[in-house]
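Participant: Structure file start.cif, mmCIF, C-alpha atoms, is pasted below:
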data_my_file
#
loop_
_atom_site.group_PDB
_atom_site.id
_atom_site.type_symbol
_atom_site.label_atom_id
_atom_site.label_comp_id
_atom_site.auth_asym_id
_atom_site.auth_seq_id
_atom_site.Cartn_x
_atom_site.Cartn_y
_atom_site.Cartn_z
ATOM 1 C CA MET U 1 67.132 119.517 73.197
ATOM 2 C CA LYS U 2 68.242 121.937 75.856
ATOM 3 C CA LEU U 3 70.295 124.876 74.720
ATOM 4 C CA ARG U 4 72.934 126.461 76.875
ATOM 5 C CA ARG U 5 71.938 129.943 75.931
ATOM 6 C CA ASP U 6 74.512 131.532 78.222
ATOM 7 C CA VAL U 7 77.347 129.859 76.360
ATOM 8 C CA PHE U 8 76.131 131.198 73.034
ATOM 9 C CA GLN U 9 75.688 134.670 74.495
ATOM 10 C CA ALA U 10 79.304 134.504 75.574
ATOM 11 C CA ILE U 11 80.622 133.828 72.095
ATOM 12 C CA ALA U 12 78.321 136.371 70.424
ATOM 13 C CA ASP U 13 80.698 139.164 71.411
ATOM 14 C CA PRO U 14 83.705 139.774 69.109
ATOM 15 C CA THR U 15 86.049 140.744 71.974
ATOM 16 C CA ARG U 16 85.218 137.546 73.813
ATOM 17 C CA ARG U 17 85.755 135.528 70.656
ATOM 18 C CA THR U 18 89.206 137.121 70.298
ATOM 19 C CA ILE U 19 89.998 136.244 73.930
ATOM 20 C CA ILE U 20 89.029 132.631 73.224
ATOM 21 C CA THR U 21 91.321 132.584 70.191
ATOM 22 C CA LEU U 22 94.181 134.051 72.243
ATOM 23 C CA VAL U 23 94.002 131.599 75.126
ATOM 24 C CA ALA U 24 93.406 128.725 72.716
ATOM 25 C CA ALA U 25 97.054 129.154 71.661
ATOM 26 C CA SER U 26 98.366 129.143 75.233
ATOM 27 C CA ALA U 27 97.222 129.836 78.799
ATOM 28 C CA MET U 28 97.526 133.539 79.613
ATOM 29 C CA THR U 29 97.391 135.882 82.569
ATOM 30 C CA PRO U 30 94.680 138.582 82.549
ATOM 31 C CA SER U 31 97.275 141.316 81.961
ATOM 32 C CA ALA U 32 98.780 139.431 79.020
ATOM 33 C CA ILE U 33 95.275 139.102 77.543
ATOM 34 C CA ALA U 34 94.537 142.791 78.118
ATOM 35 C CA GLU U 35 97.714 143.832 76.268
ATOM 36 C CA ASN U 36 96.099 142.668 73.046
ATOM 37 C CA PHE U 37 93.269 145.186 73.306
ATOM 38 C CA ASP U 38 92.832 148.935 73.415
ATOM 39 C CA TYR U 39 90.156 148.545 76.089
ATOM 40 C CA SER U 40 90.743 149.109 79.779
ATOM 41 C CA ARG U 41 91.932 146.293 82.012
ATOM 42 C CA GLN U 42 88.513 146.423 83.726
ATOM 43 C CA THR U 43 86.612 145.891 80.488
ATOM 44 C CA ILE U 44 88.764 142.884 79.630
ATOM 45 C CA SER U 45 88.378 141.511 83.177
ATOM 46 C CA LYS U 46 84.623 141.709 82.763
ATOM 47 C CA HIS U 47 84.800 139.728 79.506
ATOM 48 C CA ILE U 48 87.070 137.133 81.123
ATOM 49 C CA GLN U 49 84.617 136.863 84.007
ATOM 50 C CA ILE U 50 81.678 136.204 81.641
ATOM 51 C CA LEU U 51 83.669 133.573 79.754
ATOM 52 C CA THR U 52 84.614 131.907 83.040
ATOM 53 C CA GLU U 53 81.030 131.954 84.333
ATOM 54 C CA CYS U 54 79.894 130.299 81.106
ATOM 55 C CA GLU U 55 82.575 127.660 81.667
ATOM 56 C CA LEU U 56 84.371 128.462 78.434
ATOM 57 C CA LEU U 57 87.530 129.492 80.289
ATOM 58 C CA GLU U 58 89.036 127.989 83.391
ATOM 59 C CA GLN U 59 91.543 129.369 85.868
ATOM 60 C CA GLU U 60 94.793 127.861 86.894
ATOM 61 C CA GLN U 61 96.988 129.181 89.679
ATOM 62 C CA LYS U 62 100.695 129.084 88.816
ATOM 63 C CA GLY U 63 102.761 130.538 91.636
ATOM 64 C CA ARG U 64 101.440 134.021 92.274
ATOM 65 C CA GLU U 65 99.798 134.387 88.879
ATOM 66 C CA ILE U 66 96.384 133.268 87.664
ATOM 67 C CA TYR U 67 96.360 131.855 84.149
ATOM 68 C CA TYR U 68 93.308 131.413 81.967
ATOM 69 C CA GLN U 69 92.914 128.578 79.525
ATOM 70 C CA LEU U 70 90.159 127.062 77.420
ATOM 71 C CA ASN U 71 87.736 124.718 79.087
ATOM 72 C CA PRO U 72 87.387 121.949 76.482
ATOM 73 C CA LYS U 73 84.041 120.849 77.912
ATOM 74 C CA GLY U 74 82.436 124.252 77.372
ATOM 75 C CA MET U 75 83.847 124.586 73.885
ATOM 76 C CA LYS U 76 82.557 121.152 72.975
ATOM 77 C CA GLN U 77 78.968 122.143 73.805
ATOM 78 C CA ILE U 78 79.082 124.833 71.140
ATOM 79 C CA ALA U 79 80.555 122.514 68.546
ATOM 80 C CA ASP U 80 78.043 119.760 69.348
ATOM 81 C CA PHE U 81 75.100 122.048 68.721
ATOM 82 C CA ILE U 82 76.086 123.069 65.206
ATOM 83 C CA GLU U 83 77.861 119.834 64.291
ATOM 84 C CA PRO U 84 74.878 117.815 62.936
ATOM 85 C CA PHE U 85 73.889 120.751 60.714
ATOM 86 C CA ARG U 86 77.470 121.146 59.521
ATOM 87 C CA LYS U 87 77.754 117.435 58.862
ATOM 88 C CA MET U 88 74.541 117.436 56.834
ATOM 89 C CA TRP U 89 75.942 120.172 54.588
ATOM 90 C CA ASP U 90 79.357 118.563 54.442
ATOM 91 C CA GLU U 91 77.804 115.335 53.144
ATOM 92 C CA ARG U 92 75.667 117.214 50.610
ATOM 93 C CA PHE U 93 78.665 119.148 49.334
ATOM 94 C CA ASN U 94 80.793 116.000 49.156
ATOM 95 C CA ASN U 95 78.038 114.592 47.000
ATOM 96 C CA LEU U 96 78.052 117.678 44.812
ATOM 97 C CA GLU U 97 81.821 117.436 44.423
ATOM 98 C CA THR U 98 81.745 113.764 43.435
ATOM 99 C CA ILE U 99 78.918 114.242 40.932
ATOM 100 C CA MET U 100 80.443 117.314 39.308
ATOM 101 C CA LYS U 101 83.906 115.712 39.124
ATOM 102 C CA LYS U 102 82.366 112.807 37.283
ATOM 103 C CA HIS U 103 80.631 115.235 34.952
ATOM 104 C CA GLN U 104 83.936 117.092 34.460
ATOM 105 C CA SER U 105 85.789 113.953 33.389
ATOM 106 C CA ASN U 106 82.913 113.080 31.041
ATOM 107 C CA ILE U 107 83.090 116.374 29.173
ATOM 108 C CA LYS U 108 86.891 116.405 28.920
ATOM 109 C CA MET J 1 92.096 117.108 59.406
ATOM 110 C CA GLU J 2 90.849 120.470 58.292
ATOM 111 C CA GLN J 3 87.097 120.645 57.799
ATOM 112 C CA LYS J 4 85.943 121.421 54.283
ATOM 113 C CA THR J 5 82.584 122.818 55.313
ATOM 114 C CA ASN J 6 82.347 125.479 57.976
ATOM 115 C CA ILE J 7 79.298 126.990 59.630
ATOM 116 C CA ASN J 8 79.243 130.312 61.357
ATOM 117 C CA ALA J 9 76.162 130.862 63.526
ATOM 118 C CA LEU J 10 76.491 133.481 66.225
ATOM 119 C CA GLU J 11 74.136 133.594 69.175
ATOM 120 C CA GLY J 12 71.700 136.479 69.154
ATOM 121 C CA LYS J 13 71.680 136.658 65.352
ATOM 122 C CA GLN J 14 69.081 135.463 62.888
ATOM 123 C CA ASP J 15 71.481 134.466 60.157
ATOM 124 C CA LEU J 16 74.188 131.927 59.572
ATOM 125 C CA THR J 17 76.959 131.445 57.041
ATOM 126 C CA ILE J 18 77.993 128.209 55.355
ATOM 127 C CA MET J 19 81.428 128.116 53.713
ATOM 128 C CA ARG J 20 82.839 125.399 51.529
ATOM 129 C CA GLU J 21 85.864 124.995 49.296
ATOM 130 C CA PHE J 22 85.549 122.717 46.293
ATOM 131 C CA ASP J 23 88.136 120.964 44.171
ATOM 132 C CA LEU J 24 86.101 122.124 41.201
ATOM 133 C CA PRO J 25 86.148 125.099 38.832
ATOM 134 C CA VAL J 26 83.617 127.719 39.908
ATOM 135 C CA GLU J 27 81.608 127.110 36.710
ATOM 136 C CA LEU J 28 80.853 123.553 37.786
ATOM 137 C CA VAL J 29 79.709 124.538 41.283
ATOM 138 C CA TYR J 30 77.408 127.117 39.733
ATOM 139 C CA LYS J 31 76.158 124.488 37.309
ATOM 140 C CA ALA J 32 75.382 122.152 40.229
ATOM 141 C CA TYR J 33 73.099 124.865 41.592
ATOM 142 C CA THR J 34 71.392 125.853 38.356
ATOM 143 C CA GLU J 35 70.819 122.702 36.318
ATOM 144 C CA ALA J 36 67.942 120.478 37.348
ATOM 145 C CA GLU J 37 69.771 117.295 36.399
ATOM 146 C CA PHE J 38 72.572 118.036 38.865
ATOM 147 C CA ILE J 39 70.414 119.469 41.657
ATOM 148 C CA ALA J 40 68.396 116.257 41.525
ATOM 149 C CA GLN J 41 71.557 114.197 41.914
ATOM 150 C CA TRP J 42 73.417 115.954 44.710
ATOM 151 C CA MET J 43 70.408 117.054 46.727
ATOM 152 C CA GLY J 44 68.550 113.807 46.118
ATOM 153 C CA THR J 45 65.378 115.619 45.168
ATOM 154 C CA ASN J 46 63.007 115.858 42.214
ATOM 155 C CA VAL J 47 63.099 119.228 40.519
ATOM 156 C CA LEU J 48 59.493 120.047 39.585
ATOM 157 C CA LYS J 49 60.222 123.523 38.361
ATOM 158 C CA LEU J 50 63.330 125.636 37.893
ATOM 159 C CA GLU J 51 63.378 129.014 36.185
ATOM 160 C CA ASN J 52 66.971 130.199 36.165
ATOM 161 C CA ARG J 53 66.524 133.914 35.769
ATOM 162 C CA ASN J 54 65.887 137.037 37.797
ATOM 163 C CA HIS J 55 62.417 136.683 39.364
ATOM 164 C CA GLY J 56 62.149 133.036 38.330
ATOM 165 C CA SER J 57 60.885 130.422 40.741
ATOM 166 C CA TYR J 58 61.623 126.828 41.635
ATOM 167 C CA GLU J 59 60.034 123.823 43.303
ATOM 168 C CA PHE J 60 61.676 120.706 44.690
ATOM 169 C CA GLU J 61 60.028 117.553 45.959
ATOM 170 C CA THR J 62 61.768 114.713 47.754
ATOM 171 C CA SER J 63 60.173 111.299 47.872
ATOM 172 C CA HIS J 64 61.084 108.097 49.561
ATOM 173 C CA GLU J 65 59.424 104.907 48.318
ATOM 174 C CA GLY J 66 56.604 106.820 46.688
ATOM 175 C CA ASN J 67 55.868 109.021 49.700
ATOM 176 C CA VAL J 68 56.602 112.732 49.538
ATOM 177 C CA MET J 69 59.050 113.450 52.367
ATOM 178 C CA PHE J 70 59.379 117.159 51.852
ATOM 179 C CA LYS J 71 58.623 119.942 49.425
ATOM 180 C CA ALA J 72 60.588 123.112 49.038
ATOM 181 C CA ASN J 73 60.109 126.179 46.905
ATOM 182 C CA GLY J 74 61.447 129.657 46.402
ATOM 183 C CA THR J 75 62.049 132.577 44.089
ATOM 184 C CA ILE J 76 65.304 133.502 42.454
ATOM 185 C CA HIS J 77 65.729 137.182 42.977
ATOM 186 C CA LYS J 78 69.033 137.749 41.261
ATOM 187 C CA LEU J 79 71.363 135.623 39.197
ATOM 188 C CA ILE J 80 74.866 136.466 37.958
ATOM 189 C CA PRO J 81 76.374 133.394 36.253
ATOM 190 C CA ASN J 82 79.371 131.896 38.114
ATOM 191 C CA GLN J 83 79.250 134.670 40.715
ATOM 192 C CA GLU J 84 76.095 135.227 42.619
ATOM 193 C CA MET J 85 72.599 134.005 43.370
ATOM 194 C CA VAL J 86 70.051 135.625 45.672
ATOM 195 C CA ARG J 87 66.985 133.537 46.353
ATOM 196 C CA THR J 88 64.333 132.699 48.905
ATOM 197 C CA PHE J 89 63.940 129.146 50.137
ATOM 198 C CA GLU J 90 61.106 127.580 52.045
ATOM 199 C CA MET J 91 60.758 124.038 53.213
ATOM 200 C CA GLU J 92 57.014 123.538 53.301
ATOM 201 C CA ASN J 93 55.217 122.565 56.521
ATOM 202 C CA THR J 94 58.158 123.225 58.782
ATOM 203 C CA PRO J 95 58.513 125.828 61.545
ATOM 204 C CA ILE J 96 61.651 127.180 59.839
ATOM 205 C CA GLY J 97 59.736 129.552 57.579
ATOM 206 C CA VAL J 98 60.984 131.383 54.520
ATOM 207 C CA GLN J 99 64.675 132.138 54.412
ATOM 208 C CA LEU J 100 66.669 134.549 52.280
ATOM 209 C CA GLU J 101 69.851 133.125 50.787
ATOM 210 C CA PHE J 102 72.859 134.961 49.377
ATOM 211 C CA LEU J 103 75.095 132.569 47.485
ATOM 212 C CA ASN J 104 78.548 133.719 46.442
ATOM 213 C CA PHE J 105 80.514 131.650 43.980
ATOM 214 C CA GLU J 106 84.203 132.489 44.009
ATOM 215 C CA LYS J 107 87.052 131.314 41.826
ATOM 216 C CA VAL J 108 90.140 130.397 43.868
ATOM 217 C CA THR J 109 92.257 128.850 41.089
ATOM 218 C CA GLU J 110 91.366 127.204 37.750
ATOM 219 C CA ASP J 111 90.181 124.062 39.559
ATOM 220 C CA LYS J 112 89.364 125.341 43.006
ATOM 221 C CA SER J 113 86.471 127.452 44.121
ATOM 222 C CA LYS J 114 84.721 128.675 47.199
ATOM 223 C CA LEU J 115 81.033 128.871 47.963
ATOM 224 C CA THR J 116 79.732 131.138 50.708
ATOM 225 C CA ILE J 117 76.051 131.046 51.583
ATOM 226 C CA GLN J 118 74.578 133.555 53.978
ATOM 227 C CA ILE J 119 71.103 132.539 55.132
ATOM 228 C CA ILE J 120 68.822 135.008 56.878
ATOM 229 C CA TYR J 121 65.858 133.696 58.871
ATOM 230 C CA ARG J 122 62.778 135.526 60.090
ATOM 231 C CA SER J 123 64.063 135.427 63.665
ATOM 232 C CA GLU J 124 66.642 133.779 65.862
ATOM 233 C CA LYS J 125 63.952 131.258 66.818
ATOM 234 C CA HIS J 126 63.397 130.285 63.189
ATOM 235 C CA ARG J 127 67.131 129.801 62.811
ATOM 236 C CA ALA J 128 67.179 127.537 65.870
ATOM 237 C CA GLU J 129 64.472 125.400 64.216
ATOM 238 C CA GLN J 130 66.757 125.018 61.214
ATOM 239 C CA LEU J 131 69.723 123.999 63.347
ATOM 240 C CA LYS J 132 67.607 121.425 65.150
ATOM 241 C CA GLN J 133 66.368 119.909 61.896
ATOM 242 C CA PRO J 134 69.323 117.612 61.136
ATOM 243 C CA PHE J 135 68.722 115.836 64.450
ATOM 244 C CA ALA J 136 65.267 114.804 63.262
ATOM 245 C CA TYR J 137 66.538 114.231 59.726
ATOM 246 C CA GLY J 138 69.366 112.039 60.980
ATOM 247 C CA LEU J 139 66.912 109.981 63.007
ATOM 248 C CA ASN J 140 64.638 109.606 59.982
ATOM 249 C CA MET J 141 67.478 108.471 57.760
ATOM 250 C CA ALA J 142 68.641 105.965 60.356
ATOM 251 C CA HIS J 143 65.086 104.683 60.598
ATOM 252 C CA ASN J 144 64.731 104.344 56.822
ATOM 253 C CA LYS J 145 68.058 102.576 56.613
ATOM 254 C CA LEU J 146 66.947 100.147 59.314
ATOM 255 C CA GLU J 147 63.697 99.464 57.461
ATOM 256 C CA GLU J 148 65.608 98.790 54.257
ATOM 257 C CA ILE J 149 67.934 96.357 55.983
ATOM 258 C CA LEU J 150 65.013 94.598 57.665
ATOM 259 C CA SER J 151 62.947 94.296 54.487
ATOM 260 C CA ASN J 152 65.970 92.983 52.546
ATOM 261 C CA GLN J 153 66.334 90.233 55.092
ATOM 262 C CA GLN J 154 62.784 89.039 54.714
#
Take the structure in the file and write it out as structure tokens.
Facilitator:
Amino acid sequence: MKLRRDVFQAIADPTRRTIITLVAASAMTPSAIAENFDYSRQTISKHIQILTECELLEQEQKGREIYYQLNPKGMKQIADFIEPFRKMWDERFNNLETIMKKHQSNIK
Amino acid sequence: MEQKTNINALEGKQDLTIMREFDLPVELVYKAYTEAEFIAQWMGTNVLKLENRNHGSYEFETSHEGNVMFKANGTIHKLIPNQEMVRTFEMENTPIGVQLEFLNFEKVTEDKSKLTIQIIYRSEKHRAEQLKQPFAYGLNMAHNKLEEILSNQQ
């Protein structure tokens, strides 16, 4: 299995995770993104650049403005990596829930 | 649909967090983790040893058709009934190594509870081995299932 290390590096940073959450709601211009932080415009631009390079964000030109939005393909890579592990636990816990519910109705 | 089990595993870290909400009172979730009878059922494993106390130890063994598939063991470091468990866990003969687990049992309402497990690995690499494991496990299970189907047809 080949890991896209760069993608994971990108989401390791809390500021970048917040940016992802912001643009997940709607496409935003860099200045609109920057308004949500106390950091300088430059710092936020740098984060946006990293996210774009890792293909987590994509640009869209609307008139004179550039908007950033989530790149579903990049986001899917992250989910795919953890998904089998999550599923394994989800199944185990579903099992636990069923067994303990049965036990609960037996003792009532 | 909202997922009931969530995993948080950040790149560059050597830990991960598993979160799950149960439609069960917290006492029953704790019971599922501390009584051999229930562990055996939901984890599908034989409980060879389980000492539920501070500094107690435990051993699990999972078999399939008489063959031991995996063995796991660990030490319970701290136990607060219906609240907290701190233990080590090691799946034998795997590159995952020993892991340290912090289990938090939380009451949400009378019949709802939340379990949060933070697992700390020796390194980021060891954690990656753990995350890769279900791929192999899934393949194994599929293979076993196939064998069962084939042998039932004979």
Participant: For the structure provided, state which residues fall under the PyMOL selection byres ((chain U and resi 84) around 9), and present them as an mmCIF file with C-alpha atoms, keeping the file's coordinate frame.
Facilitator:
data_model
loop_
_atom_site.group_PDB
_atom_site.id
_atom_site.type_symbol
_atom_site.label_atom_id
_atom_site.label_comp_id
_atom_site.auth_asym_id
_atom_site.auth_seq_id
_atom_site.Cartn_x
_atom_site.Cartn_y
_atom_site.Cartn_z
ATOM 1 C CA ASP U 80 78.043 119.760 69.348
ATOM 2 C CA PHE U 81 75.100 122.048 68.721
ATOM 3 C CA ILE U 82 76.086 123.069 65.206
ATOM 4 C CA GLU U 83 77.861 119.834 64.291
ATOM 5 C CA PHE U 85 73.889 120.751 60.714
ATOM 6 C CA ARG U 86 77.470 121.146 59.521
ATOM 7 C CA LYS U 87 77.754 117.435 58.862
ATOM 8 C CA MET U 88 74.541 117.436 56.834
ATOM 9 C CA TRP U 89 75.942 120.172 54.588
ATOM 10 C CA LEU J 131 69.723 123.999 63.347
ATOM 11 C CA LYS J 132 67.607 121.425 65.150
ATOM 12 C CA GLN J 133 66.368 119.909 61.896
ATOM 13 C CA PRO J 134 69.323 117.612 61.136
ATOM 14 C CA PHE J 135 68.722 115.836 64.450
ATOM 15 C CA GLY J 138 69.366 112.039 60.980
#
Participant: Hey, can you check how far CA of Asn104 in chain J sits from CA of Gln41 in chain J?
Facilitator: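 Pair CA of Asn104 in chain J / CA of Gln41 in chain J returns 21.2 Å.
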Participant: Grab the CA of Asn67 in chain J to CA of Ala40 in chain J distance for me, in Å with one decimal place.
Facilitator: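 Atom-to-atom, CA of Asn67 in chain J to CA of Ala40 in chain J, that is 16.6 Å.
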Participant: Go through the shown structure with the PyMOL selection byres ((chain J and resi 5) around 10) and write out the matching residues as a ChimeraX atom specification.
Facilitator: /U:86-91,93-94 /J:2-4,6-7,18-22,115-116
Participant: Distance CA of Phe102 in chain J-CA of Lys78 in chain J, one decimal place?
Facilitator: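 According to the coordinates, CA of Phe102 in chain J and CA of Lys78 in chain J are separated by 9.4 Å.
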Participant: I'd like the residues picked by the PyMOL selection byres ((chain J and resi 82) around 12) written out as a list of chain:residue names, using the chain letters and numbers from the file.
Facilitator: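 Output of the PyMOL selection byres ((chain J and resi 82) around 12): J:Pro25, J:Val26, J:Glu27, J:Leu28, J:Val29, J:Tyr30, J:Lys31, J:Ala32, J:Tyr33, J:Thr34, J:Leu79, J:Ile80, J:Pro81, J:Gln83, J:Glu84, J:Met85, J:Leu103, J:Asn104, J:Phe105, J:Glu106, J:Lys107, J:Ser113, J:Lys114, J:Leu115.
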Participant: Output as AutoDock Vina command-line options the centre and edge lengths (Å, one decimal) of the box along x, y and z of the file that holds every listed atom of range 35-43 of chain J after adding 8 Å on each side.
Facilitator:
--center_x 70.7 --center_y 118.4 --center_z 41.5 --size_x 21.5 --size_y 24.5 --size_z 26.4
Participant: Excluding range 31-42 of chain U and its own-chain neighbours fewer than 6 positions away, which residues fall within 10 Å of it when counting only C-alpha atoms? Please give them as a PyMOL selection string.
Facilitator: chain U and resi 15+18-20+22-23+48+66-68
Participant: Would you mind telling me which residue in J:Asp111, J:Asp23, J:Glu92, J:Glu59 lies nearest to chain U when using only C-alpha atoms?
Facilitator: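 Nearest to chain U: J:Asp23.
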Participant: Show me, as a list in words, the residues that have an atom within 12 Å of His126 in chain J when counting all atoms listed in the file, minus same-chain residues fewer than 5 positions from it.
Facilitator: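 Using all atoms listed in the file, the neighbours found are Gly12, Lys13, Gln14, Asp15, Leu16, Glu90, Thr94, Pro95, Ile96, Gly97, Val98, Gln99, Ile119, Ile120, Tyr121, Leu131, Lys132 and Gln133 of chain J.
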Participant: Which neighbours of Tyr58 in chain J fall inside 6 Å, counting only C-alpha atoms, when residues of the same chain fewer than 6 positions from it are skipped, and could you give them as a list of chain:residue names?
Facilitator: J:Lys49, J:Leu50, J:Asn73, J:Gly74
Participant: Residues near Ala10 in chain U, anyone? I mean within 8 Å using all atoms listed in the file, not counting same-chain ones fewer than 5 positions away, as a short mmCIF file (atom, residue, chain, number, x, y, z; two decimals) with C-alpha atoms, in the frame of the given file.
Facilitator:
data_model
loop_
_atom_site.label_atom_id
_atom_site.label_comp_id
_atom_site.auth_asym_id
_atom_site.auth_seq_id
_atom_site.Cartn_x
_atom_site.Cartn_y
_atom_site.Cartn_z
CA ARG U 16 85.22 137.55 73.81
CA ILE U 50 81.68 136.20 81.64
CA LEU U 51 83.67 133.57 79.75
CA CYS U 54 79.89 130.30 81.11
#
